[in-house]
>>> print(open('final15.txt').read())   # compact mmCIF, C-alpha atoms
# COMPACT_ATOMS: atom_id res chain seq x y z
CA MET A 1 -79.19 -210.65 5.67
CA ASP A 2 -78.26 -207.10 4.86
CA VAL A 3 -75.39 -205.47 6.66
CA GLY A 4 -76.79 -203.50 9.52
CA LEU A 5 -76.03 -202.22 12.97
CA THR A 6 -75.46 -205.71 14.40
CA HIS A 7 -72.64 -206.48 11.97
CA TYR A 8 -70.71 -203.41 12.99
CA LEU A 9 -71.31 -204.08 16.68
CA ILE A 10 -70.08 -207.66 16.36
CA ILE A 11 -66.93 -206.51 14.55
CA SER A 12 -66.25 -204.07 17.34
CA ALA A 13 -66.87 -206.79 19.94
CA ILE A 14 -64.34 -209.10 18.28
CA LEU A 15 -61.82 -206.27 17.95
CA PHE A 16 -62.32 -205.42 21.61
CA SER A 17 -61.74 -209.02 22.67
CA LEU A 18 -58.58 -209.27 20.60
CA GLY A 19 -57.33 -206.06 22.19
CA ILE A 20 -58.07 -207.35 25.68
CA TYR A 21 -56.24 -210.58 24.84
CA GLY A 22 -53.21 -208.63 23.69
CA VAL A 23 -53.19 -206.44 26.78
CA VAL A 24 -53.53 -209.37 29.15
CA THR A 25 -51.10 -211.86 27.64
CA ARG A 26 -48.22 -209.83 26.26
CA ARG A 27 -45.18 -209.04 28.35
CA ASN A 28 -43.76 -206.33 26.10
CA ALA A 29 -45.08 -202.91 27.12
CA ILE A 30 -45.36 -201.75 23.52
CA MET A 31 -47.55 -204.74 22.66
CA VAL A 32 -49.79 -203.73 25.56
CA LEU A 33 -50.05 -200.28 23.96
CA MET A 34 -51.04 -201.85 20.64
CA GLY A 35 -53.79 -203.76 22.41
CA ILE A 36 -55.06 -200.50 23.90
CA GLU A 37 -55.17 -198.96 20.44
CA LEU A 38 -57.29 -201.89 19.23
CA ILE A 39 -59.69 -201.36 22.13
CA LEU A 40 -60.01 -197.64 21.41
CA ASN A 41 -60.69 -198.39 17.74
CA SER A 42 -63.45 -200.83 18.65
CA ALA A 43 -65.05 -198.21 20.89
CA ASN A 44 -64.90 -195.73 18.02
CA ILE A 45 -66.62 -198.18 15.67
CA ASN A 46 -69.41 -198.48 18.21
CA PHE A 47 -69.81 -194.72 18.52
CA ILE A 48 -69.95 -194.19 14.79
CA ALA A 49 -72.25 -197.14 14.14
CA PHE A 50 -74.74 -195.81 16.68
CA SER A 51 -74.33 -192.35 15.22
CA ARG A 52 -75.38 -193.66 11.83
CA TYR A 53 -78.10 -196.13 12.80
CA GLY A 54 -79.25 -194.85 16.15
CA GLY A 55 -80.63 -191.50 15.09
CA MET A 56 -78.13 -189.38 16.98
CA GLN A 57 -77.16 -186.98 14.26
CA LEU A 58 -73.43 -186.42 14.37
CA ASP A 59 -72.86 -186.58 18.11
CA GLY A 60 -71.26 -190.01 17.88
CA GLN A 61 -68.79 -188.78 15.31
CA ALA A 62 -67.91 -185.75 17.45
CA ILE A 63 -67.20 -188.03 20.39
CA ALA A 64 -65.13 -190.29 18.13
CA VAL A 65 -62.94 -187.30 17.30
CA PHE A 66 -62.35 -186.75 21.01
CA VAL A 67 -61.46 -190.42 21.42
CA ILE A 68 -58.89 -190.13 18.64
CA ILE A 69 -57.43 -186.99 20.26
CA LEU A 70 -57.10 -188.72 23.61
CA ALA A 71 -55.59 -191.81 21.95
CA ALA A 72 -52.89 -189.64 20.41
CA ALA A 73 -52.11 -187.99 23.74
CA GLU A 74 -52.08 -191.36 25.48
CA ALA A 75 -49.73 -192.92 22.95
CA ALA A 76 -47.27 -190.04 23.23
CA ILE A 77 -47.18 -190.10 27.03
CA ALA A 78 -47.07 -193.89 27.27
CA LEU A 79 -44.21 -194.18 24.81
CA ALA A 80 -42.26 -191.52 26.68
CA ILE A 81 -42.75 -193.51 29.88
CA VAL A 82 -41.72 -196.75 28.14
CA LEU A 83 -38.53 -195.14 26.81
CA ASN A 84 -37.73 -193.89 30.29
CA ILE A 85 -38.30 -197.35 31.74
CA TYR A 86 -35.99 -198.81 29.12
CA GLN A 87 -33.25 -196.38 30.03
CA ARG A 88 -33.60 -197.10 33.73
CA PHE A 89 -34.21 -200.86 33.82
CA ASN A 90 -32.87 -201.88 30.40
CA THR A 91 -36.05 -203.85 29.67
CA VAL A 92 -39.61 -203.18 28.57
CA ASN A 93 -40.96 -206.36 30.07
CA VAL A 94 -43.87 -205.28 32.25
CA ASP A 95 -43.30 -208.16 34.68
CA ASP A 96 -39.81 -207.00 35.53
CA VAL A 97 -40.83 -203.44 36.25
CA SER A 98 -42.59 -203.81 39.56
CA LYS A 99 -40.80 -201.12 41.53
CA LEU A 100 -41.68 -197.45 41.43
CA LYS A 101 -38.33 -196.53 42.90
CA GLU A 102 -34.99 -198.26 43.04
CA MET X 1 -75.50 -209.59 -1.64
CA ASN X 2 -75.04 -206.12 -2.99
CA PHE X 3 -71.98 -203.99 -3.48
CA TYR X 4 -72.13 -202.36 -0.03
CA ASP X 5 -72.18 -205.74 1.70
CA THR X 6 -69.24 -207.02 -0.33
CA ILE X 7 -67.13 -204.01 0.59
CA PHE X 8 -68.19 -204.31 4.20
CA TYR X 9 -67.13 -207.94 4.40
CA PHE X 10 -63.84 -207.11 2.71
CA PHE X 11 -63.02 -204.42 5.24
CA ALA X 12 -64.22 -206.55 8.12
CA PHE X 13 -61.99 -209.40 6.95
CA VAL X 14 -58.95 -207.12 6.62
CA THR X 15 -59.56 -205.58 10.03
CA LEU X 16 -60.14 -208.79 11.96
CA VAL X 17 -57.41 -210.88 10.33
CA SER X 18 -54.76 -208.21 10.76
CA ALA X 19 -55.92 -207.56 14.33
CA ALA X 20 -55.51 -211.27 15.00
CA ILE X 21 -51.99 -211.12 13.56
CA VAL X 22 -51.24 -208.13 15.80
CA VAL X 23 -52.27 -210.08 18.86
CA PHE X 24 -50.98 -213.55 18.05
CA SER X 25 -47.74 -212.86 16.19
CA LYS X 26 -44.60 -213.52 18.17
CA ASN X 27 -42.53 -210.99 16.28
CA ILE X 28 -43.24 -207.46 17.41
CA ILE X 29 -42.32 -205.97 14.02
CA TYR X 30 -44.98 -208.11 12.33
CA SER X 31 -47.45 -206.96 14.93
CA ALA X 32 -46.62 -203.31 14.36
CA PHE X 33 -46.97 -203.59 10.60
CA SER X 34 -50.22 -205.52 10.66
CA LEU X 35 -51.56 -202.86 13.00
CA LEU X 36 -51.25 -200.63 9.92
CA PHE X 37 -53.73 -202.82 8.04
CA THR X 38 -56.05 -202.88 11.02
CA PHE X 39 -56.16 -199.09 11.04
CA PHE X 40 -56.79 -199.02 7.28
CA GLY X 41 -59.62 -201.51 7.64
CA VAL X 42 -61.20 -199.52 10.44
CA ALA X 43 -60.94 -196.37 8.31
CA GLY X 44 -62.78 -198.21 5.54
CA ILE X 45 -65.50 -199.19 7.99
CA TYR X 46 -65.82 -195.53 8.99
CA VAL X 47 -66.33 -194.58 5.35
CA LEU X 48 -69.07 -197.20 5.06
CA LEU X 49 -70.71 -195.62 8.10
CA ASN X 50 -70.90 -192.17 6.43
CA ALA X 51 -68.06 -190.83 8.56
CA ASP X 52 -65.66 -189.50 5.98
CA PHE X 53 -64.01 -186.92 8.20
CA ILE X 54 -63.35 -189.48 10.93
CA ALA X 55 -61.89 -191.87 8.37
CA VAL X 56 -59.43 -189.26 7.16
CA ALA X 57 -58.60 -188.28 10.73
CA GLN X 58 -58.04 -191.97 11.51
CA LEU X 59 -55.60 -192.28 8.63
CA LEU X 60 -53.77 -189.09 9.53
CA ILE X 61 -53.56 -189.56 13.28
CA TYR X 62 -53.40 -193.32 13.74
CA VAL X 63 -51.38 -194.33 10.71
CA GLY X 64 -49.34 -191.16 10.45
CA GLY X 65 -48.84 -190.46 14.12
CA ILE X 66 -49.53 -193.23 16.57
CA LEU X 67 -48.20 -196.07 14.44
CA VAL X 68 -44.98 -194.19 13.72
CA LEU X 69 -44.62 -193.50 17.43
CA LEU X 70 -45.15 -197.19 18.20
CA LEU X 71 -42.56 -198.18 15.60
CA PHE X 72 -40.11 -195.72 17.12
CA GLY X 73 -40.80 -197.31 20.47
CA VAL X 74 -40.17 -200.78 19.04
CA MET X 75 -36.92 -199.71 17.42
CA LEU X 76 -35.63 -197.85 20.44
CA THR X 77 -36.41 -200.48 23.04
CA ASN X 78 -35.29 -203.66 21.29
CA LYS X 79 -31.77 -204.55 20.41
CA VAL X 80 -32.53 -204.98 16.74
CA VAL X 81 -29.19 -206.39 15.71
CA SER X 82 -28.34 -208.71 18.56
CA VAL X 83 -31.49 -210.13 20.12
CA GLU X 84 -34.40 -211.49 18.12
CA MET X 85 -37.54 -209.42 18.43
CA LYS X 86 -39.63 -212.11 20.06
CA THR X 87 -41.97 -211.09 22.80
CA GLY X 88 -43.07 -213.51 25.44
CA THR X 89 -46.62 -214.31 26.37
CA LEU X 90 -47.97 -215.46 29.65
CA GLN X 91 -51.14 -217.06 30.95
CA THR X 92 -52.47 -217.67 27.48
CA ILE X 93 -54.95 -220.37 28.41
CA PRO X 94 -56.90 -218.56 31.15
CA ALA X 95 -56.72 -215.39 29.08
CA SER X 96 -58.16 -217.16 26.02
CA ILE X 97 -60.97 -218.64 28.07
CA ILE X 98 -61.92 -215.32 29.65
CA VAL X 99 -61.60 -213.40 26.39
CA ALA X 100 -63.70 -215.98 24.54
CA MET X 101 -66.36 -215.67 27.23
CA THR X 102 -66.26 -211.88 26.98
CA ALA X 103 -66.53 -211.99 23.20
CA GLY X 104 -69.39 -214.47 23.36
CA ALA X 105 -71.27 -212.41 25.90
CA LEU X 106 -70.79 -209.18 23.96
CA CYS X 107 -71.80 -210.74 20.66
CA GLY X 108 -74.82 -212.38 22.29
CA VAL X 109 -75.95 -209.10 23.79
CA PHE X 110 -75.39 -207.23 20.55
CA TYR X 111 -77.23 -209.87 18.56
CA MET X 112 -80.21 -210.32 20.83
CA THR X 113 -80.88 -206.75 21.83
CA ASP X 114 -83.68 -205.16 19.86
CA TRP X 115 -81.94 -201.94 18.85
CA LYS X 116 -84.08 -198.98 17.90
CA ILE X 117 -82.81 -198.43 14.40
CA VAL X 118 -83.73 -195.32 12.49
CA ARG X 119 -84.88 -196.66 9.16
CA SER X 120 -84.37 -193.54 7.13
CA VAL X 121 -80.67 -193.75 6.52
CA PRO X 122 -79.33 -190.30 5.71
CA GLN X 123 -77.79 -189.55 2.38
CA MET X 124 -74.04 -189.73 2.11
CA THR X 125 -72.93 -186.15 2.51
CA THR X 126 -69.70 -184.65 3.71
CA THR X 127 -69.63 -184.37 7.47
CA ALA X 128 -66.67 -182.05 7.94
CA ASN X 129 -68.76 -178.91 7.68
CA SER X 130 -71.37 -179.85 10.24
CA LEU X 131 -68.76 -181.43 12.53
CA GLY X 132 -66.85 -178.16 12.53
CA GLU X 133 -70.02 -176.28 13.39
CA MET X 134 -70.68 -178.68 16.27
CA PHE X 135 -67.19 -178.19 17.65
CA MET X 136 -67.69 -174.46 17.66
CA THR X 137 -71.15 -174.56 19.24
CA THR X 138 -72.30 -177.65 21.13
CA TYR X 139 -68.92 -179.13 21.96
CA LEU X 140 -67.00 -175.90 22.42
CA LEU X 141 -65.88 -176.60 25.98
CA PRO X 142 -64.72 -180.20 25.37
CA PHE X 143 -62.97 -179.00 22.23
CA GLU X 144 -60.97 -176.39 24.12
CA VAL X 145 -60.23 -178.81 26.94
CA ALA X 146 -58.99 -181.34 24.38
CA SER X 147 -56.63 -178.76 22.93
CA VAL X 148 -55.21 -178.06 26.38
CA VAL X 149 -54.91 -181.80 27.04
CA LEU X 150 -52.95 -182.24 23.80
CA LEU X 151 -50.64 -179.38 24.64
CA VAL X 152 -49.97 -180.71 28.15
CA ALA X 153 -49.48 -184.25 26.83
CA LEU X 154 -46.99 -183.20 24.18
CA VAL X 155 -44.97 -181.00 26.52
CA GLY X 156 -45.06 -183.72 29.17
CA ALA X 157 -44.03 -186.43 26.72
CA ALA X 158 -41.11 -184.37 25.49
CA MET X 159 -40.02 -183.73 29.03
CA ILE X 160 -40.37 -187.32 30.23
CA ALA X 161 -38.59 -188.80 27.23
CA ARG X 162 -35.64 -186.43 27.48
CA ARG X 163 -32.48 -188.16 28.58
CA ASP X 164 -31.66 -187.59 32.18
CA ARG X 165 -28.63 -185.31 32.46
CA ALA X 166 -27.50 -186.77 35.78
CA ILE X 167 -27.40 -190.32 34.43
CA GLN X 168 -25.56 -189.15 31.34
CA ASN X 169 -22.87 -187.45 33.40
CA LEU X 170 -22.19 -190.60 35.41
CA LYS X 171 -21.21 -192.58 32.33
CA PRO X 172 -17.50 -192.57 31.54
CA LYS X 173 -16.54 -190.25 28.77
CA ILE X 174 -14.75 -191.82 25.88
>>> encode(input="final15.txt", output="structure tokens")
Amino acid sequence: MDVGLTHYLIISAILFSLGIYGVVTRRNAIMVLMGIELILNSANINFIAFSRYGGMQLDGQAIAVFVIILAAAEAAIALAIVLNIYQRFNTVNVDDVSKLKE
Amino acid sequence: MNFYDTIFYFFAFVTLVSAAIVVFSKNIIYSAFSLLFTFFGVAGIYVLLNADFIAVAQLLIYVGGILVLLLFGVMLTNKVVSVEMKTGTLQTIPASIIVAMTAGALCGVFYMTDWKIVRSVPQMTTTANSLGEMFMTTYLLPFEVASVVLLVALVGAAMIARRDRAIQNLKPKI
């Protein structure tokens, strides 16, 4: 069976599930961020696969660029918040940080 | 099995195995470094999908930017010398069950749906030129909004991550 659209979609599905697993089970906030990056990458694979096989010309790739831009912004903000949490609570364990205000 | 398929399976293997290491490894440094291979594998998949510009952007932004940021976060929030860099997990069994069901459902849907595939696959050409034209015409407004979002995010991140002066002043001076 030649490699086609389904192969790429299944890869992105597995990547998405692994990302969800990482987000749900990890207690370290930075590991949660890594899971989110996996999820965003799987979404990008879907966009680009449909852009190639689905007959949308380059629209999927344009949207993938926006996804990458937003991922960069999200990583910067989230890491700044994590560093702040570490300074305040001395931990990055997401279970221990349940208060918005001390 | 032709050359294209072989390269596809190679990149798929690299991506999925290193993603599994990212998720299942107990040591957060191992996770961060195997995330590097995941991003490389995904960039290879983009190249196979005729998306050369996105692949290069993936390498520049994810590997060069986001991964370095994540590593900085790991280094700054773990006591590297004293405590081992293990990270705990919780609720692994219900999470595995639900995630396996999600993956099965997604793969089933993807496999069984009769996608309308355009048979005439376009020739491999560079996409940067036409992507740039699209950003200046069709996607002009989202492009400008994205630039403002990036500016706000960077200024905000710098401001949030700055050490709080009040807390610093409370600490005893040596």
>>> closest_atom_pairs(input="final15.txt", of="chain X", to="chain A", cutoff="6 Å", atoms="only C-alpha atoms", output="Markdown table")
| residue | atom | partner | partner_atom | distance |
| --- | --- | --- | --- | --- |
| X:Asp5 | CA | A:Val3 | CA | 5.9 |
| X:Val23 | CA | A:Gly22 | CA | 5.1 |
| X:Gly88 | CA | A:Arg27 | CA | 5.7 |
| X:Thr89 | CA | A:Arg26 | CA | 4.8 |
| X:Leu90 | CA | A:Thr25 | CA | 5.2 |
| X:Thr92 | CA | A:Thr25 | CA | 6.0 |
| X:Val99 | CA | A:Ser17 | CA | 5.7 |
| X:Ala103 | CA | A:Ser17 | CA | 5.7 |
| X:Cys107 | CA | A:Ile10 | CA | 5.6 |
| X:Ile117 | CA | A:Gly54 | CA | 5.3 |
| X:Val118 | CA | A:Gly55 | CA | 5.6 |
| X:Leu150 | CA | A:Ala73 | CA | 5.8 |
| X:Ala153 | CA | A:Ala73 | CA | 5.5 |
| X:Ala157 | CA | A:Ile77 | CA | 4.8 |
| X:Ile160 | CA | A:Ala80 | CA | 5.8 |
| X:Ala161 | CA | A:Ala80 | CA | 4.6 |
>>> atom_distance(input="final15.txt", atom1="CA of Phe13 (chain X)", atom2="CA of Gly41 (chain X)")
8.3 Å
>>> axis_aligned_box(input="final15.txt", around="region 128-142 of chain X", padding_each_side="6 Å", output="lines of an AutoDock Vina configuration file")
center_x = -68.5
center_y = -178.3
center_z = 16.8
size_x = 19.6
size_y = 19.6
size_z = 30.3
>>> atom_distance(input="final15.txt", atom1="CA of Met101 (chain X)", atom2="CA of Thr38 (chain X)")
23.1 Å
>>> atom_distance(input="final15.txt", atom1="CA of Leu70 (chain X)", atom2="CA of Ala32 (chain X)")
7.4 Å
>>> residues_near_point(input="final15.txt", point="(-71.7, -204.3, -0.7)", cutoff="12 Å", atoms="all atoms listed in the file", output="PyMOL selection string")
(chain A and resi 1-4) or (chain X and resi 1-12+45+48)
>>> residues_around(input="final15.txt", residues="Phe33 (chain X)", least_positions_apart="3", cutoff="9 Å", atoms="only C-alpha atoms", output="VMD selection string")
chain X and resid 22 28 to 30 36 to 37 67 71
>>> residues_around(input="final15.txt", residues="region 127-130 of chain X", least_positions_apart="2", cutoff="8 Å", atoms="all atoms listed in the file", output="PyMOL selection string")
chain X and resi 50-53+125+132-134
